[in-house]
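Shown next: work06.pdb, containing PDB, C-alpha atoms and all ligand atoms.
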```pdb
ATOM      1  CA  MET A   1      72.688 124.737 137.394  1.00  0.00           C
ATOM      2  CA  VAL A   2      71.883 124.009 133.745  1.00  0.00           C
ATOM      3  CA  THR A   3      74.041 121.573 131.819  1.00  0.00           C
ATOM      4  CA  GLU A   4      74.714 122.333 128.182  1.00  0.00           C
ATOM      5  CA  SER A   5      73.524 119.549 125.879  1.00  0.00           C
ATOM      6  CA  LEU A   6      75.925 117.626 123.682  1.00  0.00           C
ATOM      7  CA  GLU A   7      74.101 118.934 120.602  1.00  0.00           C
ATOM      8  CA  SER A   8      74.587 122.527 121.736  1.00  0.00           C
ATOM      9  CA  LYS A   9      78.279 121.913 122.408  1.00  0.00           C
ATOM     10  CA  LYS A  10      78.683 120.328 118.970  1.00  0.00           C
ATOM     11  CA  LYS A  11      77.049 123.305 117.299  1.00  0.00           C
ATOM     12  CA  ARG A  12      79.153 125.768 119.246  1.00  0.00           C
ATOM     13  CA  ALA A  13      82.347 123.789 118.560  1.00  0.00           C
ATOM     14  CA  LEU A  14      81.651 123.779 114.815  1.00  0.00           C
ATOM     15  CA  GLU A  15      81.262 127.537 114.832  1.00  0.00           C
ATOM     16  CA  ILE A  16      84.457 127.931 116.881  1.00  0.00           C
ATOM     17  CA  ILE A  17      86.307 125.780 114.331  1.00  0.00           C
ATOM     18  CA  ARG A  18      84.856 127.756 111.426  1.00  0.00           C
ATOM     19  CA  ARG A  19      85.971 131.074 112.883  1.00  0.00           C
ATOM     20  CA  LEU A  20      89.426 129.872 113.942  1.00  0.00           C
ATOM     21  CA  LYS A  21      89.973 128.440 110.443  1.00  0.00           C
ATOM     22  CA  LYS A  22      89.185 131.879 109.086  1.00  0.00           C
ATOM     23  CA  LYS A  23      91.536 133.557 111.567  1.00  0.00           C
ATOM     24  CA  PHE A  24      94.367 131.005 111.225  1.00  0.00           C
ATOM     25  CA  PRO A  25      94.135 129.629 107.660  1.00  0.00           C
ATOM     26  CA  ASP A  26      97.744 128.394 107.872  1.00  0.00           C
ATOM     27  CA  ALA A  27      97.433 126.617 111.214  1.00  0.00           C
ATOM     28  CA  LYS A  28      99.691 123.580 111.299  1.00  0.00           C
ATOM     29  CA  ILE A  29     102.233 121.909 113.525  1.00  0.00           C
ATOM     30  CA  GLU A  30     104.982 124.377 114.438  1.00  0.00           C
ATOM     31  CA  LEU A  31     107.707 121.812 115.074  1.00  0.00           C
ATOM     32  CA  ASN A  32     110.005 121.337 112.088  1.00  0.00           C
ATOM     33  CA  PHE A  33     110.720 117.777 110.959  1.00  0.00           C
ATOM     34  CA  LYS A  34     112.002 115.879 107.945  1.00  0.00           C
ATOM     35  CA  ASN A  35     110.664 112.381 108.552  1.00  0.00           C
ATOM     36  CA  PRO A  36     108.484 110.456 111.056  1.00  0.00           C
ATOM     37  CA  ILE A  37     111.371 109.598 113.370  1.00  0.00           C
ATOM     38  CA  GLY A  38     112.431 113.260 113.370  1.00  0.00           C
ATOM     39  CA  LEU A  39     108.941 114.314 114.416  1.00  0.00           C
ATOM     40  CA  LEU A  40     108.778 111.724 117.173  1.00  0.00           C
ATOM     41  CA  MET A  41     112.098 112.984 118.492  1.00  0.00           C
ATOM     42  CA  ALA A  42     111.030 116.643 118.218  1.00  0.00           C
ATOM     43  CA  VAL A  43     107.747 116.001 120.064  1.00  0.00           C
ATOM     44  CA  ILE A  44     109.595 114.303 122.923  1.00  0.00           C
ATOM     45  CA  LEU A  45     112.010 117.265 123.048  1.00  0.00           C
ATOM     46  CA  SER A  46     109.100 119.721 123.151  1.00  0.00           C
ATOM     47  CA  ALA A  47     107.927 118.583 126.606  1.00  0.00           C
ATOM     48  CA  GLN A  48     108.306 121.575 128.970  1.00  0.00           C
ATOM     49  CA  CYS A  49     110.024 123.486 126.158  1.00  0.00           C
ATOM     50  CA  THR A  50     108.942 125.852 123.408  1.00  0.00           C
ATOM     51  CA  ASP A  51     108.686 124.692 119.798  1.00  0.00           C
ATOM     52  CA  LYS A  52     110.946 127.620 118.915  1.00  0.00           C
ATOM     53  CA  ARG A  53     113.727 126.302 121.134  1.00  0.00           C
ATOM     54  CA  VAL A  54     113.253 122.756 119.780  1.00  0.00           C
ATOM     55  CA  ASN A  55     113.451 124.088 116.213  1.00  0.00           C
ATOM     56  CA  LEU A  56     116.818 125.645 117.036  1.00  0.00           C
ATOM     57  CA  VAL A  57     118.189 122.338 118.283  1.00  0.00           C
ATOM     58  CA  THR A  58     116.793 119.893 115.699  1.00  0.00           C
ATOM     59  CA  PRO A  59     118.593 120.959 112.464  1.00  0.00           C
ATOM     60  CA  ALA A  60     121.940 119.650 113.767  1.00  0.00           C
ATOM     61  CA  LEU A  61     120.265 116.469 115.021  1.00  0.00           C
ATOM     62  CA  PHE A  62     118.525 115.880 111.678  1.00  0.00           C
ATOM     63  CA  LYS A  63     121.903 116.109 109.940  1.00  0.00           C
ATOM     64  CA  LYS A  64     123.561 113.662 112.282  1.00  0.00           C
ATOM     65  CA  TYR A  65     120.723 111.181 112.993  1.00  0.00           C
ATOM     66  CA  LYS A  66     118.585 110.159 110.057  1.00  0.00           C
ATOM     67  CA  THR A  67     117.001 106.855 111.070  1.00  0.00           C
ATOM     68  CA  ALA A  68     115.646 105.162 114.187  1.00  0.00           C
ATOM     69  CA  LYS A  69     118.810 103.040 114.156  1.00  0.00           C
ATOM     70  CA  ASP A  70     120.973 106.179 114.271  1.00  0.00           C
ATOM     71  CA  TYR A  71     119.150 107.392 117.404  1.00  0.00           C
ATOM     72  CA  ALA A  72     119.117 103.882 118.904  1.00  0.00           C
ATOM     73  CA  ASN A  73     122.906 103.750 118.596  1.00  0.00           C
ATOM     74  CA  ALA A  74     123.543 107.316 119.797  1.00  0.00           C
ATOM     75  CA  ASN A  75     126.038 107.840 122.578  1.00  0.00           C
ATOM     76  CA  VAL A  76     124.024 108.765 125.657  1.00  0.00           C
ATOM     77  CA  LYS A  77     126.406 111.419 127.004  1.00  0.00           C
ATOM     78  CA  THR A  78     126.874 113.018 123.592  1.00  0.00           C
ATOM     79  CA  PHE A  79     123.133 113.067 122.940  1.00  0.00           C
ATOM     80  CA  GLU A  80     122.447 114.588 126.353  1.00  0.00           C
ATOM     81  CA  LYS A  81     124.819 117.424 125.471  1.00  0.00           C
ATOM     82  CA  GLU A  82     123.211 117.902 122.069  1.00  0.00           C
ATOM     83  CA  ILE A  83     119.707 118.367 123.506  1.00  0.00           C
ATOM     84  CA  ARG A  84     120.651 119.950 126.841  1.00  0.00           C
ATOM     85  CA  SER A  85     119.140 123.367 126.046  1.00  0.00           C
ATOM     86  CA  THR A  86     115.640 121.853 125.739  1.00  0.00           C
ATOM     87  CA  GLY A  87     115.634 120.947 129.453  1.00  0.00           C
ATOM     88  CA  PHE A  88     115.053 117.599 131.174  1.00  0.00           C
ATOM     89  CA  TYR A  89     117.751 116.343 128.842  1.00  0.00           C
ATOM     90  CA  ARG A  90     118.524 113.133 130.736  1.00  0.00           C
ATOM     91  CA  ALA A  91     114.918 111.918 130.732  1.00  0.00           C
ATOM     92  CA  LYS A  92     114.440 113.013 127.109  1.00  0.00           C
ATOM     93  CA  THR A  93     117.609 111.198 126.009  1.00  0.00           C
ATOM     94  CA  LYS A  94     116.409 108.067 127.775  1.00  0.00           C
ATOM     95  CA  SER A  95     113.005 108.308 126.063  1.00  0.00           C
ATOM     96  CA  ILE A  96     114.340 109.045 122.575  1.00  0.00           C
ATOM     97  CA  ILE A  97     117.046 106.392 122.568  1.00  0.00           C
ATOM     98  CA  GLY A  98     114.747 103.918 124.318  1.00  0.00           C
ATOM     99  CA  ALA A  99     111.864 104.546 121.894  1.00  0.00           C
ATOM    100  CA  CYS A 100     114.152 104.206 118.879  1.00  0.00           C
ATOM    101  CA  ARG A 101     115.628 100.939 120.180  1.00  0.00           C
ATOM    102  CA  GLU A 102     112.089  99.571 120.463  1.00  0.00           C
ATOM    103  CA  ILE A 103     111.212 100.855 117.004  1.00  0.00           C
ATOM    104  CA  VAL A 104     114.240  99.073 115.544  1.00  0.00           C
ATOM    105  CA  LYS A 105     113.626  95.895 117.530  1.00  0.00           C
ATOM    106  CA  ARG A 106     109.853  95.547 117.218  1.00  0.00           C
ATOM    107  CA  PHE A 107     108.770  97.646 114.251  1.00  0.00           C
ATOM    108  CA  GLY A 108     111.567  97.172 111.710  1.00  0.00           C
ATOM    109  CA  GLY A 109     112.842 100.728 112.180  1.00  0.00           C
ATOM    110  CA  LYS A 110     109.517 102.313 111.134  1.00  0.00           C
ATOM    111  CA  VAL A 111     107.519 104.577 113.444  1.00  0.00           C
ATOM    112  CA  PRO A 112     104.306 102.623 114.089  1.00  0.00           C
ATOM    113  CA  ASN A 113     101.007 103.938 112.758  1.00  0.00           C
ATOM    114  CA  GLN A 114      98.736 102.523 115.468  1.00  0.00           C
ATOM    115  CA  MET A 115      97.899 104.214 118.763  1.00  0.00           C
ATOM    116  CA  GLU A 116      98.216 100.949 120.702  1.00  0.00           C
ATOM    117  CA  ASP A 117     101.753 100.399 119.364  1.00  0.00           C
ATOM    118  CA  LEU A 118     102.908 103.999 119.763  1.00  0.00           C
ATOM    119  CA  VAL A 119     101.962 104.200 123.436  1.00  0.00           C
ATOM    120  CA  THR A 120     104.142 101.176 124.231  1.00  0.00           C
ATOM    121  CA  LEU A 121     107.244 103.216 123.351  1.00  0.00           C
ATOM    122  CA  PRO A 122     109.193 104.869 126.182  1.00  0.00           C
ATOM    123  CA  GLY A 123     108.245 108.532 126.607  1.00  0.00           C
ATOM    124  CA  VAL A 124     105.253 108.271 124.252  1.00  0.00           C
ATOM    125  CA  GLY A 125     101.750 108.922 125.590  1.00  0.00           C
ATOM    126  CA  ARG A 126      98.494 109.570 123.776  1.00  0.00           C
ATOM    127  CA  LYS A 127      99.399 113.228 123.141  1.00  0.00           C
ATOM    128  CA  THR A 128     102.629 112.380 121.309  1.00  0.00           C
ATOM    129  CA  ALA A 129     100.956 109.450 119.561  1.00  0.00           C
ATOM    130  CA  ASN A 130      98.175 111.692 118.259  1.00  0.00           C
ATOM    131  CA  VAL A 131     100.744 114.189 116.934  1.00  0.00           C
ATOM    132  CA  ILE A 132     102.412 111.374 114.989  1.00  0.00           C
ATOM    133  CA  LEU A 133      99.166 109.834 113.754  1.00  0.00           C
ATOM    134  CA  GLY A 134      97.704 113.165 112.626  1.00  0.00           C
ATOM    135  CA  ASN A 135     100.796 114.791 111.133  1.00  0.00           C
ATOM    136  CA  VAL A 136     102.597 111.791 109.646  1.00  0.00           C
ATOM    137  CA  TYR A 137      99.907 109.277 108.804  1.00  0.00           C
ATOM    138  CA  GLY A 138      96.845 111.485 108.292  1.00  0.00           C
ATOM    139  CA  ILE A 139      94.947 109.563 110.982  1.00  0.00           C
ATOM    140  CA  PRO A 140      92.777 112.039 112.922  1.00  0.00           C
ATOM    141  CA  GLY A 141      93.607 112.575 116.579  1.00  0.00           C
ATOM    142  CA  ILE A 142      93.031 115.299 119.151  1.00  0.00           C
ATOM    143  CA  VAL A 143      96.274 116.405 120.769  1.00  0.00           C
ATOM    144  CA  VAL A 144      95.593 117.471 124.348  1.00  0.00           C
ATOM    145  CA  ASP A 145      98.570 119.623 125.240  1.00  0.00           C
ATOM    146  CA  THR A 146      98.604 122.472 127.761  1.00  0.00           C
ATOM    147  CA  HIS A 147      96.818 124.866 125.337  1.00  0.00           C
ATOM    148  CA  VAL A 148      94.062 122.442 124.368  1.00  0.00           C
ATOM    149  CA  LYS A 149      93.525 121.504 128.012  1.00  0.00           C
ATOM    150  CA  ARG A 150      93.249 125.141 129.103  1.00  0.00           C
ATOM    151  CA  ILE A 151      91.164 126.406 126.207  1.00  0.00           C
ATOM    152  CA  ALA A 152      88.760 123.456 125.994  1.00  0.00           C
ATOM    153  CA  ASN A 153      87.990 124.201 129.643  1.00  0.00           C
ATOM    154  CA  ARG A 154      87.658 127.946 129.104  1.00  0.00           C
ATOM    155  CA  LEU A 155      85.358 127.324 126.152  1.00  0.00           C
ATOM    156  CA  GLY A 156      83.220 125.029 128.297  1.00  0.00           C
ATOM    157  CA  LEU A 157      83.754 122.045 125.969  1.00  0.00           C
ATOM    158  CA  THR A 158      84.974 120.007 128.932  1.00  0.00           C
ATOM    159  CA  ASN A 159      85.393 120.405 132.654  1.00  0.00           C
ATOM    160  CA  HIS A 160      87.959 117.639 133.010  1.00  0.00           C
ATOM    161  CA  GLU A 161      91.570 118.194 133.997  1.00  0.00           C
ATOM    162  CA  ASP A 162      92.810 114.790 132.886  1.00  0.00           C
ATOM    163  CA  PRO A 163      94.114 114.952 129.275  1.00  0.00           C
ATOM    164  CA  VAL A 164      92.803 111.517 128.317  1.00  0.00           C
ATOM    165  CA  LYS A 165      89.312 112.324 129.616  1.00  0.00           C
ATOM    166  CA  ILE A 166      89.457 115.650 127.748  1.00  0.00           C
ATOM    167  CA  GLU A 167      90.490 113.883 124.537  1.00  0.00           C
ATOM    168  CA  PHE A 168      87.637 111.390 124.745  1.00  0.00           C
ATOM    169  CA  GLU A 169      85.104 114.106 125.590  1.00  0.00           C
ATOM    170  CA  LEU A 170      86.275 116.237 122.665  1.00  0.00           C
ATOM    171  CA  ASN A 171      86.112 113.175 120.403  1.00  0.00           C
ATOM    172  CA  ASP A 172      82.350 113.126 121.029  1.00  0.00           C
ATOM    173  CA  ILE A 173      81.946 116.849 120.332  1.00  0.00           C
ATOM    174  CA  ILE A 174      84.254 117.468 117.350  1.00  0.00           C
ATOM    175  CA  PRO A 175      83.720 115.724 113.975  1.00  0.00           C
ATOM    176  CA  LYS A 176      86.467 113.124 113.478  1.00  0.00           C
ATOM    177  CA  LYS A 177      87.734 114.644 110.235  1.00  0.00           C
ATOM    178  CA  GLU A 178      88.493 117.880 112.140  1.00  0.00           C
ATOM    179  CA  TRP A 179      90.363 116.341 115.088  1.00  0.00           C
ATOM    180  CA  THR A 180      93.899 117.091 113.890  1.00  0.00           C
ATOM    181  CA  LEU A 181      93.156 120.564 112.568  1.00  0.00           C
ATOM    182  CA  PHE A 182      91.094 121.385 115.678  1.00  0.00           C
ATOM    183  CA  SER A 183      94.211 120.695 117.754  1.00  0.00           C
ATOM    184  CA  HIS A 184      96.333 123.014 115.581  1.00  0.00           C
ATOM    185  CA  LEU A 185      93.706 125.757 115.652  1.00  0.00           C
ATOM    186  CA  ILE A 186      93.348 125.672 119.425  1.00  0.00           C
ATOM    187  CA  ILE A 187      97.125 125.591 119.937  1.00  0.00           C
ATOM    188  CA  TRP A 188      97.545 128.588 117.602  1.00  0.00           C
ATOM    189  CA  HIS A 189      94.718 130.364 119.412  1.00  0.00           C
ATOM    190  CA  GLY A 190      96.441 129.651 122.734  1.00  0.00           C
ATOM    191  CA  ARG A 191      99.776 130.984 121.508  1.00  0.00           C
ATOM    192  CA  ARG A 192      98.384 134.095 119.875  1.00  0.00           C
ATOM    193  CA  THR A 193      95.214 135.121 121.728  1.00  0.00           C
ATOM    194  CA  CYS A 194      93.994 132.947 124.596  1.00  0.00           C
ATOM    195  CA  PHE A 195      97.197 133.207 126.620  1.00  0.00           C
ATOM    196  CA  ALA A 196      97.497 131.198 129.831  1.00  0.00           C
ATOM    197  CA  ARG A 197      97.988 134.160 132.167  1.00  0.00           C
ATOM    198  CA  LYS A 198      96.138 136.923 130.395  1.00  0.00           C
ATOM    199  CA  PRO A 199      93.851 135.933 127.536  1.00  0.00           C
ATOM    200  CA  ASN A 200      93.194 138.680 125.045  1.00  0.00           C
ATOM    201  CA  CYS A 201      89.408 138.324 125.108  1.00  0.00           C
ATOM    202  CA  ALA A 202      88.837 141.688 123.439  1.00  0.00           C
ATOM    203  CA  ASP A 203      90.624 140.454 120.307  1.00  0.00           C
ATOM    204  CA  CYS A 204      89.189 136.930 120.396  1.00  0.00           C
ATOM    205  CA  SER A 205      87.127 135.868 117.393  1.00  0.00           C
ATOM    206  CA  VAL A 206      85.109 133.409 119.490  1.00  0.00           C
ATOM    207  CA  ASN A 207      84.501 135.563 122.552  1.00  0.00           C
ATOM    208  CA  ASP A 208      80.723 135.520 122.101  1.00  0.00           C
ATOM    209  CA  LEU A 209      80.885 131.704 122.231  1.00  0.00           C
ATOM    210  CA  CYS A 210      83.067 131.529 125.331  1.00  0.00           C
ATOM    211  CA  PRO A 211      81.673 131.264 128.878  1.00  0.00           C
ATOM    212  CA  SER A 212      84.997 132.499 130.301  1.00  0.00           C
ATOM    213  CA  ARG A 213      85.099 135.701 128.303  1.00  0.00           C
ATOM    214  CA  GLU A 214      83.710 138.276 130.698  1.00  0.00           C
ATOM    215  CA  ASP A 215      86.096 138.520 133.589  1.00  0.00           C
ATOM    216  CA  VAL A 216      89.517 137.104 132.865  1.00  0.00           C
ATOM    217  CA  LYS A 217      90.337 136.961 136.562  1.00  0.00           C
ATOM    218  CA  GLN A 218      87.501 134.513 137.091  1.00  0.00           C
ATOM    219  CA  VAL A 219      88.686 132.078 134.480  1.00  0.00           C
ATOM    220  CA  SER A 220      90.823 129.882 136.738  1.00  0.00           C
ATOM    221  CA  VAL A 221      88.091 129.867 139.395  1.00  0.00           C
ATOM    222  CA  GLY A 222      85.493 129.173 136.749  1.00  0.00           C
ATOM    223  CA  LEU A 223      87.363 126.101 135.517  1.00  0.00           C
ATOM    224  CA  LYS A 224      87.010 124.427 138.880  1.00  0.00           C
ATOM    225  CA  SER A 225      83.484 125.514 139.647  1.00  0.00           C
ATOM    226  CA  ARG A 226      81.716 125.814 136.328  1.00  0.00           C
ATOM    227  CA  GLY A 227      81.004 122.118 136.017  1.00  0.00           C
ATOM    228  CA  GLY A 228      79.299 122.255 132.644  1.00  0.00           C
ATOM    229  CA  VAL A 229      77.011 125.226 133.103  1.00  0.00           C
ATOM    230  CA  THR A 230      75.378 126.336 129.894  1.00  0.00           C
ATOM    231  CA  PRO A 231      76.942 129.597 128.840  1.00  0.00           C
ATOM    232  CA  PRO A 232      74.482 132.314 127.895  1.00  0.00           C
ATOM    233  CA  LEU A 233      75.708 132.244 124.338  1.00  0.00           C
ATOM    234  CA  GLN A 234      74.132 132.473 120.930  1.00  0.00           C
ATOM    235  CA  VAL A 235      75.925 131.031 117.936  1.00  0.00           C
ATOM    236  CA  ARG A 236      76.109 133.747 115.349  1.00  0.00           C
ATOM    237  CA  SER A 237      78.284 134.018 112.271  1.00  0.00           C
ATOM    238  CA  ARG A 238      81.139 136.455 111.955  1.00  0.00           C
TER
HETATM  239  S1  LIG A 301      87.025 134.840 125.119  1.00  0.00           S
HETATM  240 FE1  LIG A 301      88.951 134.954 126.251  1.00  0.00          FE
HETATM  241  S2  LIG A 301      89.006 133.100 127.494  1.00  0.00           S
HETATM  242 FE2  LIG A 301      87.467 132.779 125.891  1.00  0.00          FE
HETATM  243  S3  LIG A 301      88.553 131.749 124.220  1.00  0.00           S
HETATM  244 FE3  LIG A 301      88.604 133.945 123.814  1.00  0.00          FE
HETATM  245  S4  LIG A 301      90.541 134.669 124.688  1.00  0.00           S
HETATM  246 FE4  LIG A 301      90.095 132.646 125.568  1.00  0.00          FE
END
```
Turn this file's structure into structure tokens for me.
Ligand code: SF4
Amino acid sequence: MVTESLESKKKRALEIIRRLKKKFPDAKIELNFKNPIGLLMAVILSAQCTDKRVNLVTPALFKKYKTAKDYANANVKTFEKEIRSTGFYRAKTKSIIGACREIVKRFGGKVPNQMEDLVTLPGVGRKTANVILGNVYGIPGIVVDTHVKRIANRLGLTNHEDPVKIEFELNDIIPKKEWTLFSHLIIWHGRRTCFARKPNCADCSVNDLCPSREDVKQVSVGLKSRGGVTPPLQVRSR
């Protein structure tokens, strides 16, 4: 078994980014929001739910709740009803109201701009924190959601299953200035081409850089067994 070097992974990742930028020049976060607190709330709502569904629910919330204090003072039962269609509404209500109470109490009503502060809020892990840092404060962060986890594995950029380990491994491979956009590009790629159940490898602009490209049925097996094998790939421009 041959292990791909970090340098080779970096080179391949840069080419993947270049091609995905070309394919998805408008890649950005697909959750709608009006202010930092609105984004934090939307990201919590998006757990186990599509961004499309969240975007249907948030306009009414944005009208009614404008500040962290508004969410902190929300009536629990009313709020549960308002977000019910996003699923897991009790836990999400608890997280959103709980996080906003902390934001009011400890951060003067402002969504914090530090990872170590964000992750102390109820319902906020590194994934949500990186969404906030990257999309509100312009602080680079790799968002390891279900798409990034799946596709980073398929692309052979990691063989971890744990999102935090994946994030740290990708941090070493991807240039810091690209971290936020890399996340958007991979998420767009996952929603439009590299689908979870049936990736469209024939229409994939990075298929010659992907060790999982040949037999789609082997992908899930390959994730467990590949263990960092060097893919027989040549970086070439498209
Ligand atoms: S070749 Fe297939 S598995 Fe690999 S990134 Fe493209 S769509 Fe995904």
Original post:
the PyMOL selection byres (((not hetatm)) within 10 of (chain A and resi 301)) on the file shown: which residues, as a VMD selection string?
Top reply: chain A and resid 16 150 to 156 186 189 to 190 192 to 196 198 to 220
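Evaluated against the shown file, the PyMOL selection byres (((chain A and resi 112-120) around 9) and not hetatm) gives A:Ala99, A:Glu102, A:Ile103, A:Phe107, A:Gly109, A:Lys110, A:Val111, A:Leu121, A:Pro122, A:Gly123, A:Val124, A:Gly125, A:Arg126, A:Thr128, A:Ala129, A:Asn130, A:Ile132, A:Leu133, A:Val136, A:Tyr137, A:Ile139.
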Resulting file, chosen residues, C-alpha atoms, as a tab-separated table (two decimals), in the frame of the given file:
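Output saved as part_8.tsv:
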```
chain	number	residue	atom	x	y	z
A	99	ALA	CA	111.86	104.55	121.89
A	102	GLU	CA	112.09	99.57	120.46
A	103	ILE	CA	111.21	100.86	117.00
A	107	PHE	CA	108.77	97.65	114.25
A	109	GLY	CA	112.84	100.73	112.18
A	110	LYS	CA	109.52	102.31	111.13
A	111	VAL	CA	107.52	104.58	113.44
A	121	LEU	CA	107.24	103.22	123.35
A	122	PRO	CA	109.19	104.87	126.18
A	123	GLY	CA	108.24	108.53	126.61
A	124	VAL	CA	105.25	108.27	124.25
A	125	GLY	CA	101.75	108.92	125.59
A	126	ARG	CA	98.49	109.57	123.78
A	128	THR	CA	102.63	112.38	121.31
A	129	ALA	CA	100.96	109.45	119.56
A	130	ASN	CA	98.18	111.69	118.26
A	132	ILE	CA	102.41	111.37	114.99
A	133	LEU	CA	99.17	109.83	113.75
A	136	VAL	CA	102.60	111.79	109.65
A	137	TYR	CA	99.91	109.28	108.80
A	139	ILE	CA	94.95	109.56	110.98
```
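Proximity to segment 70-72 of chain A at 6 Å, evaluated using only C-alpha atoms and with sequence-adjacent residues fewer than 2 positions away removed, yields Tyr65, Thr67, Ala68, Ala74, Ile97, Cys100 and Arg101 of chain A.
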Give the padded box for segment 77-93 of chain A as JSON: axis-aligned, covering all atoms listed in the file, 3 Å on each side, centre and edge lengths in Å to one decimal.
```
{"center_x": 120.7, "center_y": 117.3, "center_z": 126.6, "size_x": 18.4, "size_y": 18.2, "size_z": 15.1}
```
Take the point (82.5, 123.3, 113.5) in the file's coordinates, draw a sphere of radius 12 Å around it, and report as a PDB file with C-alpha atoms, in the coordinates of the input every protein, DNA or RNA residue with an atom inside or on it, counting all atoms listed in the file.
```pdb
ATOM      1  CA  GLU A   7      74.101 118.934 120.602  1.00  0.00           C
ATOM      2  CA  SER A   8      74.587 122.527 121.736  1.00  0.00           C
ATOM      3  CA  LYS A   9      78.279 121.913 122.408  1.00  0.00           C
ATOM      4  CA  LYS A  10      78.683 120.328 118.970  1.00  0.00           C
ATOM      5  CA  LYS A  11      77.049 123.305 117.299  1.00  0.00           C
ATOM      6  CA  ARG A  12      79.153 125.768 119.246  1.00  0.00           C
ATOM      7  CA  ALA A  13      82.347 123.789 118.560  1.00  0.00           C
ATOM      8  CA  LEU A  14      81.651 123.779 114.815  1.00  0.00           C
ATOM      9  CA  GLU A  15      81.262 127.537 114.832  1.00  0.00           C
ATOM     10  CA  ILE A  16      84.457 127.931 116.881  1.00  0.00           C
ATOM     11  CA  ILE A  17      86.307 125.780 114.331  1.00  0.00           C
ATOM     12  CA  ARG A  18      84.856 127.756 111.426  1.00  0.00           C
ATOM     13  CA  ARG A  19      85.971 131.074 112.883  1.00  0.00           C
ATOM     14  CA  LEU A  20      89.426 129.872 113.942  1.00  0.00           C
ATOM     15  CA  LYS A  21      89.973 128.440 110.443  1.00  0.00           C
ATOM     16  CA  LYS A  22      89.185 131.879 109.086  1.00  0.00           C
ATOM     17  CA  ILE A 173      81.946 116.849 120.332  1.00  0.00           C
ATOM     18  CA  ILE A 174      84.254 117.468 117.350  1.00  0.00           C
ATOM     19  CA  PRO A 175      83.720 115.724 113.975  1.00  0.00           C
ATOM     20  CA  LYS A 176      86.467 113.124 113.478  1.00  0.00           C
ATOM     21  CA  LYS A 177      87.734 114.644 110.235  1.00  0.00           C
ATOM     22  CA  GLU A 178      88.493 117.880 112.140  1.00  0.00           C
ATOM     23  CA  TRP A 179      90.363 116.341 115.088  1.00  0.00           C
ATOM     24  CA  LEU A 181      93.156 120.564 112.568  1.00  0.00           C
ATOM     25  CA  PHE A 182      91.094 121.385 115.678  1.00  0.00           C
ATOM     26  CA  LEU A 185      93.706 125.757 115.652  1.00  0.00           C
ATOM     27  CA  VAL A 235      75.925 131.031 117.936  1.00  0.00           C
ATOM     28  CA  SER A 237      78.284 134.018 112.271  1.00  0.00           C
TER      29      SER A 237
END
```
Original post:
What is the distance between atom CA of Leu39 of chain A and atom CA of Pro25 of chain A, in Å to one decimal?
Top reply: 22.3 Å
Original post:
Which residue out of A:Val131, A:Ile142, A:Ile96, A:Val148 has the minimum interatomic distance to Ile44 of chain A when all atoms listed in the file are used?
Top reply: A:Ile96
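The set of residues that the PyMOL selection byres (((chain A and resi 62) around 12) and not hetatm) takes from this file is Asn32, Phe33, Lys34, Asn35, Pro36, Ile37, Gly38, Leu39, Leu40, Met41, Ala42, Val54, Asn55, Leu56, Val57, Thr58, Pro59, Ala60, Leu61, Lys63, Lys64, Tyr65, Lys66, Thr67, Ala68, Asp70, Tyr71 and Glu82 of chain A.
Between atom CA of Glu30 of chain A and atom CA of Asn73 of chain A the separation is 27.6 Å.
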Original post:
So what do you get for atom CA of His160 of chain A versus atom CA of His184 of chain A, distance-wise?
Top reply: 20.1 Å
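Each of A:Lys52, A:Arg191, A:Lys149, A:Lys69 was checked against Lys165 of chain A using only C-alpha atoms; the smallest atom-to-atom distance is that of A:Lys149.
Closest approach to Lys28 of chain A among A:Ile187, A:Val76, A:Val164, A:Ile83: A:Ile187, based on only C-alpha atoms.
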Subject >> Selection: 10 Å around Arg53 of chain A, all atoms listed in the file, excl. self and same-chain fewer than 6 positions, as a ChimeraX atom specification >> reply: /A:31,45-46,85-86
Subject >> Nearest to Ile166 of chain A by atom-to-atom distance, counting all atoms listed in the file, from A:Trp188, A:Thr93, A:Phe79, A:Val143 >> reply: A:Val143
